[in-house]
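S.K.: Structure file upload34.pdb (PDB, C-alpha atoms, pLDDT in the B column) is given on the next line.
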```
ATOM      1  CA  MET W 945     137.479 123.169  87.442  1.00 46.00           C
ATOM      2  CA  THR W 946     139.509 120.703  89.550  1.00 47.00           C
ATOM      3  CA  MET W 947     137.478 119.100  92.309  1.00 47.00           C
ATOM      4  CA  SER W 948     138.805 118.421  95.777  1.00 46.00           C
ATOM      5  CA  PRO W 949     139.028 114.788  96.980  1.00 43.00           C
ATOM      6  CA  THR W 950     136.050 115.426  99.246  1.00 42.00           C
ATOM      7  CA  GLU W 951     133.943 116.768  96.410  1.00 41.00           C
ATOM      8  CA  THR W 952     134.861 113.806  94.244  1.00 40.00           C
ATOM      9  CA  THR W 953     133.792 111.357  96.961  1.00 40.00           C
ATOM     10  CA  GLU W 954     130.480 113.144  97.508  1.00 40.00           C
ATOM     11  CA  THR W 955     129.711 113.232  93.816  1.00 41.00           C
ATOM     12  CA  THR W 956     130.508 109.553  93.431  1.00 43.00           C
ATOM     13  CA  GLY W 957     128.239 108.765  96.389  1.00 47.00           C
ATOM     14  CA  THR W 958     125.212 110.188  94.593  1.00 47.00           C
ATOM     15  CA  THR W 959     125.519 107.747  91.686  1.00 52.00           C
ATOM     16  CA  GLY W 960     124.519 104.742  93.777  1.00 59.00           C
ATOM     17  CA  ALA W 961     127.924 103.105  93.429  1.00 60.00           C
ATOM     18  CA  ALA W 962     129.297 101.376  96.494  1.00 59.00           C
ATOM     19  CA  PRO W 963     132.087 103.205  98.332  1.00 64.00           C
ATOM     20  CA  ALA W 964     135.566 101.818  97.840  1.00 62.00           C
ATOM     21  CA  GLY W 965     136.139  98.759 100.018  1.00 63.00           C
ATOM     22  CA  THR W 966     132.455  97.792 100.205  1.00 66.00           C
ATOM     23  CA  THR W 967     131.769  94.293  98.888  1.00 78.00           C
ATOM     24  CA  SER W 968     128.842  93.546  96.637  1.00 89.00           C
ATOM     25  CA  ASP W 969     127.610  91.006  99.225  1.00 92.00           C
ATOM     26  CA  SER W 970     127.417  93.717 101.897  1.00 93.00           C
ATOM     27  CA  VAL W 971     125.488  95.998  99.572  1.00 94.00           C
ATOM     28  CA  ARG W 972     123.050  93.193  98.763  1.00 95.00           C
ATOM     29  CA  VAL W 973     122.513  92.409 102.453  1.00 95.00           C
ATOM     30  CA  VAL W 974     121.799  96.050 103.268  1.00 95.00           C
ATOM     31  CA  ARG W 975     119.390  96.471 100.374  1.00 95.00           C
ATOM     32  CA  ASP W 976     117.626  93.193 101.145  1.00 95.00           C
ATOM     33  CA  HIS W 977     117.178  94.192 104.781  1.00 95.00           C
ATOM     34  CA  VAL W 978     115.748  97.602 103.910  1.00 96.00           C
ATOM     35  CA  ALA W 979     113.470  96.048 101.287  1.00 96.00           C
ATOM     36  CA  ALA W 980     112.212  93.495 103.821  1.00 96.00           C
ATOM     37  CA  SER W 981     111.420  96.192 106.378  1.00 96.00           C
ATOM     38  CA  VAL W 982     109.182  98.207 104.066  1.00 97.00           C
ATOM     39  CA  PRO W 983     106.151  95.852 103.900  1.00 97.00           C
ATOM     40  CA  VAL W 984     106.382  95.119 107.630  1.00 97.00           C
ATOM     41  CA  ILE W 985     106.280  98.805 108.517  1.00 97.00           C
ATOM     42  CA  ALA W 986     103.581  99.429 105.908  1.00 97.00           C
ATOM     43  CA  SER W 987     101.424  96.747 107.542  1.00 97.00           C
ATOM     44  CA  LEU W 988     100.875  99.142 110.453  1.00 98.00           C
ATOM     45  CA  VAL W 989      98.296 100.876 108.273  1.00 98.00           C
ATOM     46  CA  ASP W 990      96.107  97.811 108.806  1.00 97.00           C
ATOM     47  CA  HIS W 991      96.396  98.375 112.574  1.00 98.00           C
ATOM     48  CA  GLY W 992      95.555 102.090 112.346  1.00 98.00           C
ATOM     49  CA  ASP W 993      92.174 101.905 114.094  1.00 98.00           C
ATOM     50  CA  HIS W 994      93.646  99.682 116.799  1.00 98.00           C
ATOM     51  CA  ILE W 995      96.558 102.059 117.449  1.00 98.00           C
ATOM     52  CA  ALA W 996      94.191 105.031 117.583  1.00 98.00           C
ATOM     53  CA  ALA W 997      91.973 103.251 120.110  1.00 98.00           C
ATOM     54  CA  TRP W 998      95.004 102.544 122.274  1.00 98.00           C
ATOM     55  CA  ALA W 999      96.059 106.179 122.043  1.00 98.00           C
ATOM     56  CA  ASP W1000      92.662 107.470 123.155  1.00 98.00           C
ATOM     57  CA  ASP W1001      92.458 104.997 126.027  1.00 98.00           C
ATOM     58  CA  ILE W1002      96.017 105.471 127.319  1.00 98.00           C
ATOM     59  CA  ALA W1003      95.923 109.264 127.039  1.00 98.00           C
ATOM     60  CA  THR W1004      92.619 109.398 128.930  1.00 97.00           C
ATOM     61  CA  ARG W1005      94.100 107.276 131.698  1.00 98.00           C
ATOM     62  CA  LEU W1006      97.219 109.440 131.943  1.00 97.00           C
ATOM     63  CA  VAL W1007      95.212 112.668 132.083  1.00 97.00           C
ATOM     64  CA  ALA W1008      93.169 111.117 134.897  1.00 96.00           C
ATOM     65  CA  GLY W1009      96.357 110.587 136.902  1.00 96.00           C
ATOM     66  CA  ARG W1010      97.106 106.967 136.040  1.00 97.00           C
ATOM     67  CA  ARG W1011     100.598 105.858 135.145  1.00 98.00           C
ATOM     68  CA  LEU W1012     102.156 103.802 132.381  1.00 98.00           C
ATOM     69  CA  LEU W1013     104.675 101.045 133.072  1.00 98.00           C
ATOM     70  CA  ALA W1014     106.648  99.524 130.196  1.00 98.00           C
ATOM     71  CA  ALA W1015     109.098  96.668 129.818  1.00 98.00           C
ATOM     72  CA  GLY W1016     110.967  94.627 127.244  1.00 97.00           C
ATOM     73  CA  ASN W1017     114.197  92.704 126.771  1.00 97.00           C
ATOM     74  CA  GLY W1018     117.159  93.789 124.657  1.00 95.00           C
ATOM     75  CA  GLY W1019     116.066  95.882 121.698  1.00 94.00           C
ATOM     76  CA  SER W1020     112.486  95.769 122.932  1.00 96.00           C
ATOM     77  CA  ALA W1021     113.700  97.340 126.186  1.00 96.00           C
ATOM     78  CA  ALA W1022     115.038 100.241 124.144  1.00 96.00           C
ATOM     79  CA  GLU W1023     111.677 100.586 122.381  1.00 96.00           C
ATOM     80  CA  ALA W1024     109.822 100.537 125.712  1.00 96.00           C
ATOM     81  CA  GLN W1025     112.132 103.184 127.141  1.00 96.00           C
ATOM     82  CA  HIS W1026     111.621 105.275 124.018  1.00 96.00           C
ATOM     83  CA  LEU W1027     107.884 105.257 124.739  1.00 97.00           C
ATOM     84  CA  THR W1028     108.235 106.289 128.377  1.00 97.00           C
ATOM     85  CA  SER W1029     110.706 109.054 127.546  1.00 96.00           C
ATOM     86  CA  GLU W1030     108.232 110.576 125.082  1.00 96.00           C
ATOM     87  CA  LEU W1031     105.656 110.791 127.887  1.00 97.00           C
ATOM     88  CA  THR W1032     107.837 112.070 130.721  1.00 96.00           C
ATOM     89  CA  GLY W1033     109.599 114.395 128.297  1.00 95.00           C
ATOM     90  CA  ARG W1034     107.670 115.512 125.247  1.00 91.00           C
ATOM     91  CA  PHE W1035     106.908 114.234 121.785  1.00 91.00           C
ATOM     92  CA  ASP W1036     105.702 117.191 119.747  1.00 86.00           C
ATOM     93  CA  GLY W1037     105.489 120.557 121.441  1.00 85.00           C
ATOM     94  CA  ASP W1038     105.481 121.549 125.073  1.00 88.00           C
ATOM     95  CA  ARG W1039     103.040 120.106 127.605  1.00 91.00           C
ATOM     96  CA  PRO W1040     103.189 118.811 131.199  1.00 92.00           C
ATOM     97  CA  ALA W1041     104.975 115.558 131.955  1.00 95.00           C
ATOM     98  CA  TYR W1042     103.032 112.348 132.443  1.00 97.00           C
ATOM     99  CA  SER W1043     103.952 109.404 134.644  1.00 97.00           C
ATOM    100  CA  ALA W1044     105.710 106.647 132.669  1.00 98.00           C
ATOM    101  CA  ILE W1045     108.291 104.197 134.009  1.00 97.00           C
ATOM    102  CA  SER W1046     110.528 101.720 132.179  1.00 97.00           C
ATOM    103  CA  LEU W1047     110.882  98.756 134.511  1.00 97.00           C
ATOM    104  CA  HIS W1048     114.036  97.384 132.880  1.00 95.00           C
ATOM    105  CA  ALA W1049     115.773 100.741 133.468  1.00 95.00           C
ATOM    106  CA  GLU W1050     115.579 100.196 137.237  1.00 94.00           C
ATOM    107  CA  THR W1051     118.955  98.471 137.221  1.00 95.00           C
ATOM    108  CA  SER W1052     119.344  97.974 140.972  1.00 97.00           C
ATOM    109  CA  ALA W1053     115.817  96.592 141.247  1.00 97.00           C
ATOM    110  CA  VAL W1054     116.293  94.331 138.222  1.00 97.00           C
ATOM    111  CA  THR W1055     119.556  92.884 139.529  1.00 97.00           C
ATOM    112  CA  ALA W1056     118.312  92.537 143.109  1.00 98.00           C
ATOM    113  CA  ILE W1057     115.064  90.856 142.077  1.00 98.00           C
ATOM    114  CA  GLY W1058     116.890  88.668 139.572  1.00 98.00           C
ATOM    115  CA  ASN W1059     119.346  87.607 142.229  1.00 98.00           C
ATOM    116  CA  ASP W1060     116.739  86.935 144.916  1.00 98.00           C
ATOM    117  CA  TYR W1061     113.765  85.672 142.914  1.00 98.00           C
ATOM    118  CA  GLY W1062     115.098  84.741 139.475  1.00 98.00           C
ATOM    119  CA  TYR W1063     115.096  86.637 136.180  1.00 97.00           C
ATOM    120  CA  ASP W1064     111.549  85.587 135.361  1.00 98.00           C
ATOM    121  CA  GLU W1065     110.331  87.827 138.200  1.00 98.00           C
ATOM    122  CA  VAL W1066     112.272  91.032 137.399  1.00 98.00           C
ATOM    123  CA  PHE W1067     109.252  92.808 135.886  1.00 98.00           C
ATOM    124  CA  ALA W1068     106.379  91.108 137.687  1.00 98.00           C
ATOM    125  CA  ARG W1069     107.587  92.107 141.132  1.00 98.00           C
ATOM    126  CA  GLN W1070     107.957  95.731 140.011  1.00 98.00           C
ATOM    127  CA  VAL W1071     104.460  95.643 138.534  1.00 98.00           C
ATOM    128  CA  ARG W1072     103.116  94.437 141.860  1.00 98.00           C
ATOM    129  CA  ALA W1073     105.011  97.260 143.582  1.00 97.00           C
ATOM    130  CA  HIS W1074     104.092 100.144 141.277  1.00 97.00           C
ATOM    131  CA  ALA W1075     100.930  99.343 139.326  1.00 98.00           C
ATOM    132  CA  ARG W1076      97.487 100.233 140.570  1.00 98.00           C
ATOM    133  CA  ALA W1077      94.038  99.521 139.165  1.00 98.00           C
ATOM    134  CA  GLY W1078      93.525 101.578 136.033  1.00 98.00           C
ATOM    135  CA  ASP W1079      97.211 101.952 135.194  1.00 98.00           C
ATOM    136  CA  VAL W1080      98.602 100.726 131.868  1.00 98.00           C
ATOM    137  CA  VAL W1081     101.334  98.098 131.508  1.00 98.00           C
ATOM    138  CA  VAL W1082     102.895  97.974 128.037  1.00 98.00           C
ATOM    139  CA  LEU W1083     105.002  94.923 127.178  1.00 98.00           C
ATOM    140  CA  LEU W1084     107.113  94.709 124.037  1.00 98.00           C
ATOM    141  CA  SER W1085     108.473  91.507 122.532  1.00 98.00           C
ATOM    142  CA  THR W1086     109.203  90.308 119.012  1.00 97.00           C
ATOM    143  CA  SER W1087     108.782  86.645 119.966  1.00 96.00           C
ATOM    144  CA  GLY W1088     105.990  86.987 122.522  1.00 97.00           C
ATOM    145  CA  LYS W1089     107.583  84.168 124.505  1.00 98.00           C
ATOM    146  CA  SER W1090     109.737  85.867 127.171  1.00 98.00           C
ATOM    147  CA  PRO W1091     108.892  84.354 130.584  1.00 98.00           C
ATOM    148  CA  ASN W1092     109.568  87.605 132.452  1.00 98.00           C
ATOM    149  CA  LEU W1093     107.047  89.452 130.283  1.00 98.00           C
ATOM    150  CA  LEU W1094     104.479  86.689 130.699  1.00 98.00           C
ATOM    151  CA  ARG W1095     104.850  86.986 134.471  1.00 98.00           C
ATOM    152  CA  ALA W1096     104.505  90.763 134.209  1.00 98.00           C
ATOM    153  CA  ALA W1097     101.268  90.353 132.262  1.00 98.00           C
ATOM    154  CA  GLU W1098      99.897  88.068 134.953  1.00 98.00           C
ATOM    155  CA  ALA W1099     100.882  90.544 137.671  1.00 98.00           C
ATOM    156  CA  ALA W1100      99.302  93.458 135.811  1.00 98.00           C
ATOM    157  CA  ARG W1101      95.975  91.740 135.419  1.00 96.00           C
ATOM    158  CA  ALA W1102      96.064  90.633 139.058  1.00 97.00           C
ATOM    159  CA  VAL W1103      96.285  94.239 140.295  1.00 97.00           C
ATOM    160  CA  GLY W1104      93.667  95.506 137.837  1.00 98.00           C
ATOM    161  CA  ALA W1105      96.008  97.298 135.436  1.00 98.00           C
ATOM    162  CA  PHE W1106      95.291  97.313 131.699  1.00 98.00           C
ATOM    163  CA  ALA W1107      97.929  95.060 130.138  1.00 98.00           C
ATOM    164  CA  ILE W1108      98.752  95.461 126.444  1.00 98.00           C
ATOM    165  CA  ALA W1109     101.494  94.058 124.252  1.00 98.00           C
ATOM    166  CA  MET W1110     103.287  94.783 121.000  1.00 98.00           C
ATOM    167  CA  THR W1111     104.536  91.501 119.589  1.00 98.00           C
ATOM    168  CA  GLY W1112     105.561  89.638 116.473  1.00 97.00           C
ATOM    169  CA  PRO W1113     103.220  87.247 114.659  1.00 97.00           C
ATOM    170  CA  ARG W1114     100.335  85.427 116.290  1.00 96.00           C
ATOM    171  CA  PRO W1115      99.866  83.017 117.896  1.00 97.00           C
ATOM    172  CA  ASN W1116     102.200  83.711 120.794  1.00 98.00           C
ATOM    173  CA  PRO W1117     101.853  83.355 124.586  1.00 98.00           C
ATOM    174  CA  LEU W1118     102.194  87.054 125.424  1.00 98.00           C
ATOM    175  CA  ALA W1119      99.391  88.109 123.091  1.00 98.00           C
ATOM    176  CA  ALA W1120      97.178  85.551 124.818  1.00 98.00           C
ATOM    177  CA  ALA W1121      98.186  86.695 128.316  1.00 98.00           C
ATOM    178  CA  VAL W1122      97.374  90.422 128.028  1.00 98.00           C
ATOM    179  CA  ASP W1123      94.101  92.317 127.718  1.00 98.00           C
ATOM    180  CA  ASP W1124      94.934  93.445 124.187  1.00 98.00           C
ATOM    181  CA  ALA W1125      97.770  93.103 121.684  1.00 98.00           C
ATOM    182  CA  ILE W1126      98.955  94.405 118.344  1.00 98.00           C
ATOM    183  CA  CYS W1127     100.830  91.619 116.573  1.00 98.00           C
ATOM    184  CA  ILE W1128     102.989  92.447 113.568  1.00 98.00           C
ATOM    185  CA  ASP W1129     103.868  89.828 110.977  1.00 97.00           C
ATOM    186  CA  GLY W1130     107.479  89.674 109.838  1.00 96.00           C
ATOM    187  CA  PRO W1131     111.026  88.695 110.772  1.00 95.00           C
ATOM    188  CA  SER W1132     112.136  89.662 114.272  1.00 95.00           C
ATOM    189  CA  ALA W1133     114.382  92.601 113.313  1.00 95.00           C
ATOM    190  CA  ASN W1134     111.786  94.085 110.977  1.00 97.00           C
ATOM    191  CA  VAL W1135     109.058  93.684 113.599  1.00 97.00           C
ATOM    192  CA  GLN W1136     111.210  95.640 116.031  1.00 96.00           C
ATOM    193  CA  GLU W1137     111.692  98.408 113.474  1.00 96.00           C
ATOM    194  CA  ALA W1138     107.947  98.550 112.915  1.00 97.00           C
ATOM    195  CA  GLN W1139     107.357  98.724 116.664  1.00 97.00           C
ATOM    196  CA  LEU W1140     109.286 101.994 116.830  1.00 96.00           C
ATOM    197  CA  VAL W1141     107.006 103.451 114.156  1.00 97.00           C
ATOM    198  CA  LEU W1142     104.048 102.115 116.148  1.00 98.00           C
ATOM    199  CA  VAL W1143     105.372 103.838 119.282  1.00 97.00           C
ATOM    200  CA  HIS W1144     105.706 107.149 117.427  1.00 97.00           C
ATOM    201  CA  ALA W1145     102.238 106.811 115.886  1.00 98.00           C
ATOM    202  CA  LEU W1146     100.825 106.057 119.331  1.00 97.00           C
ATOM    203  CA  CYS W1147     102.534 109.088 120.863  1.00 97.00           C
ATOM    204  CA  ARG W1148     101.433 111.403 118.068  1.00 96.00           C
ATOM    205  CA  ALA W1149      97.839 110.242 118.396  1.00 97.00           C
ATOM    206  CA  MET W1150      97.916 110.768 122.183  1.00 97.00           C
ATOM    207  CA  GLU W1151      99.160 114.351 121.992  1.00 95.00           C
ATOM    208  CA  PRO W1152      95.799 116.136 121.454  1.00 94.00           C
ATOM    209  CA  THR W1153      94.240 114.497 124.530  1.00 94.00           C
ATOM    210  CA  LEU W1154      97.371 115.026 126.619  1.00 95.00           C
ATOM    211  CA  ARG W1155      97.386 118.716 125.718  1.00 91.00           C
ATOM    212  CA  ARG W1156      93.674 119.176 126.364  1.00 85.00           C
ATOM    213  CA  GLY W1157      94.053 117.440 129.704  1.00 77.00           C
ATOM    214  CA  ALA W1158      96.863 119.807 130.643  1.00 62.00           C
ATOM    215  CA  ARG W1159      94.558 122.823 130.208  1.00 58.00           C
ATOM    216  CA  ARG W1160      91.954 121.542 132.659  1.00 53.00           C
TER     217      ARG W1160
END
```
Will you turn the file into structure tokens for me?

M.R.:
Amino acid sequence: MTMSPTETTETTGTTGAAPAGTTSDSVRVVRDHVAASVPVIASLVDHGDHIAAWADDIATRLVAGRRLLAAGNGGSAAEAQHLTSELTGRFDGDRPAYSAISLHAETSAVTAIGNDYGYDEVFARQVRAHARAGDVVVLLSTSGKSPNLLRAAEAARAVGAFAIAMTGPRPNPLAAAVDDAICIDGPSANVQEAQLVLVHALCRAMEPTLRRGARR
């Protein structure tokens, strides 16, 4: 039977051969990156008890009416916003919404504060505005060195909020500035990939408490 061009391409793709036009260097880079990410993500198993403790604590606070504030820069901002969207929306099955705000997503506030007070204050000033004692402030950074996140950690602790961080390897200033931190060893890009898995694990572990709280 004569195969169509599409069928031929699909069949060739299953053999592991590179598509036409792809250089061997590109293939090597892709495979090396994926291979490097695997042990970094797998290392989260070692943080399992820590992640579960965070989940229980944060979910209990949210059910009690506290809020979660999150912030990061660049890719870490996307990870932080992913976390807040899972709480205000839903992660796995229907339940009521919970209060979660991504500070970097407040574009007018970020630009106004940056213009008037400097970029180092863009998160701290929002923390002072929104956070109350008992709230949770989650800060994400692969380097753990961003001045605006360090200021946010200081502001969170000053108002009595529980400040936690997801960072790259210790030692780093952000891990030292918060109440608690989960620090992942690995290159920056792979740490960021692992942080997304951490966020999903955290959300999945929070769901039972969030659902039970909704039935009260």

S.K.: Please tabulate, as CSV, the residues of stretch 968-1021 of chain W that come within 12 Å of stretch 1068-1077 of chain W, each with its closest pair of atoms and the distance in Å to one decimal, counting all atoms listed in the file and ordering rows by chain, then residue number upward.

M.R.:
```
residue,atom,partner,partner_atom,distance
W:Arg1005,CA,W:Ala1077,CA,10.8
W:Gly1009,CA,W:Arg1076,CA,11.0
W:Arg1010,CA,W:Arg1076,CA,8.1
W:Arg1011,CA,W:Ala1075,CA,7.7
W:Leu1012,CA,W:Ala1075,CA,8.3
W:Leu1013,CA,W:Ala1075,CA,7.5
W:Ala1014,CA,W:Val1071,CA,9.5
W:Ala1015,CA,W:Val1071,CA,9.9
W:Gly1016,CA,W:Ala1068,CA,11.9
```

S.K.: Which one of W:Asn1092, W:Ala1107, W:Pro1113, W:Asp1036 sits closest to W:Gly1058 if you count only C-alpha atoms?

M.R.: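 Comparing W:Asn1092, W:Ala1107, W:Pro1113, W:Asp1036 against W:Gly1058, the winner is W:Asn1092.
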
S.K.: Which residues are near W:Val1066? Cut-off 12 Å, all atoms listed in the file, ignore same chain within fewer than 2 positions. Put them as a ChimeraX atom specification.

M.R.: /W:1015-1017,1047-1064,1068-1073,1090-1096,1099

S.K.: Mind checking which residues fall within 7 Å of W:Leu1118, counting all atoms listed in the file, ignoring those fewer than 3 positions away in the same chain, and posting them as a list in words?

M.R.: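 Contacts, with the query itself left out: Gly1088, Lys1089, Leu1094, Ala1121 and Val1122 of chain W.
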
S.K.: Counting all atoms listed in the file, figure out which residue out of W:Leu1083, W:Val971, W:Ala1100, W:Ala986 gets nearest to W:Leu1027.

M.R.: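 That would be W:Leu1083, the residue with the smallest distance to W:Leu1027.
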
S.K.: Starting from the incomplete input, reconstruct N, CA, C and O atoms of stretch 1050-1065 of chain W and write that as a short mmCIF file (atom, residue, chain, number, x, y, z; two decimals), in the coordinates of the input.

M.R.:
```cif
data_model
loop_
_atom_site.label_atom_id
_atom_site.label_comp_id
_atom_site.auth_asym_id
_atom_site.auth_seq_id
_atom_site.Cartn_x
_atom_site.Cartn_y
_atom_site.Cartn_z
N GLU W 1050 115.32 100.20 135.80
CA GLU W 1050 115.58 100.20 137.24
C GLU W 1050 116.65 99.14 137.53
O GLU W 1050 116.36 98.05 138.02
N THR W 1051 117.89 99.48 137.23
CA THR W 1051 118.96 98.47 137.22
C THR W 1051 119.19 97.81 138.58
O THR W 1051 119.40 96.60 138.66
N SER W 1052 119.14 98.58 139.65
CA SER W 1052 119.34 97.97 140.97
C SER W 1052 118.20 97.04 141.33
O SER W 1052 118.40 95.95 141.88
N ALA W 1053 116.97 97.45 140.98
CA ALA W 1053 115.82 96.59 141.25
C ALA W 1053 115.89 95.33 140.39
O ALA W 1053 115.64 94.22 140.89
N VAL W 1054 116.22 95.49 139.12
CA VAL W 1054 116.29 94.33 138.22
C VAL W 1054 117.32 93.32 138.72
O VAL W 1054 117.06 92.11 138.78
N THR W 1055 118.51 93.81 139.10
CA THR W 1055 119.56 92.88 139.53
C THR W 1055 119.25 92.28 140.90
O THR W 1055 119.54 91.10 141.14
N ALA W 1056 118.66 93.06 141.79
CA ALA W 1056 118.31 92.54 143.11
C ALA W 1056 117.21 91.48 143.00
O ALA W 1056 117.30 90.40 143.59
N ILE W 1057 116.17 91.81 142.23
CA ILE W 1057 115.06 90.86 142.08
C ILE W 1057 115.55 89.61 141.34
O ILE W 1057 115.21 88.48 141.71
N GLY W 1058 116.36 89.81 140.31
CA GLY W 1058 116.89 88.67 139.57
C GLY W 1058 117.72 87.77 140.46
O GLY W 1058 117.65 86.53 140.36
N ASN W 1059 118.49 88.38 141.33
CA ASN W 1059 119.35 87.61 142.23
C ASN W 1059 118.54 86.86 143.28
O ASN W 1059 118.83 85.71 143.60
N ASP W 1060 117.51 87.52 143.81
CA ASP W 1060 116.74 86.94 144.92
C ASP W 1060 115.58 86.04 144.46
O ASP W 1060 115.23 85.09 145.16
N TYR W 1061 114.97 86.38 143.33
CA TYR W 1061 113.76 85.67 142.91
C TYR W 1061 113.88 85.00 141.55
O TYR W 1061 112.97 84.27 141.15
N GLY W 1062 114.95 85.28 140.81
CA GLY W 1062 115.10 84.74 139.48
C GLY W 1062 114.70 85.75 138.41
O GLY W 1062 113.85 86.62 138.66
N TYR W 1063 115.30 85.63 137.23
CA TYR W 1063 115.10 86.64 136.18
C TYR W 1063 113.66 86.68 135.69
O TYR W 1063 113.19 87.73 135.22
N ASP W 1064 112.94 85.59 135.81
CA ASP W 1064 111.55 85.59 135.36
C ASP W 1064 110.68 86.56 136.15
O ASP W 1064 109.60 86.96 135.69
N GLU W 1065 111.13 86.96 137.34
CA GLU W 1065 110.33 87.83 138.20
C GLU W 1065 110.73 89.30 138.14
O GLU W 1065 110.13 90.12 138.84
#
```
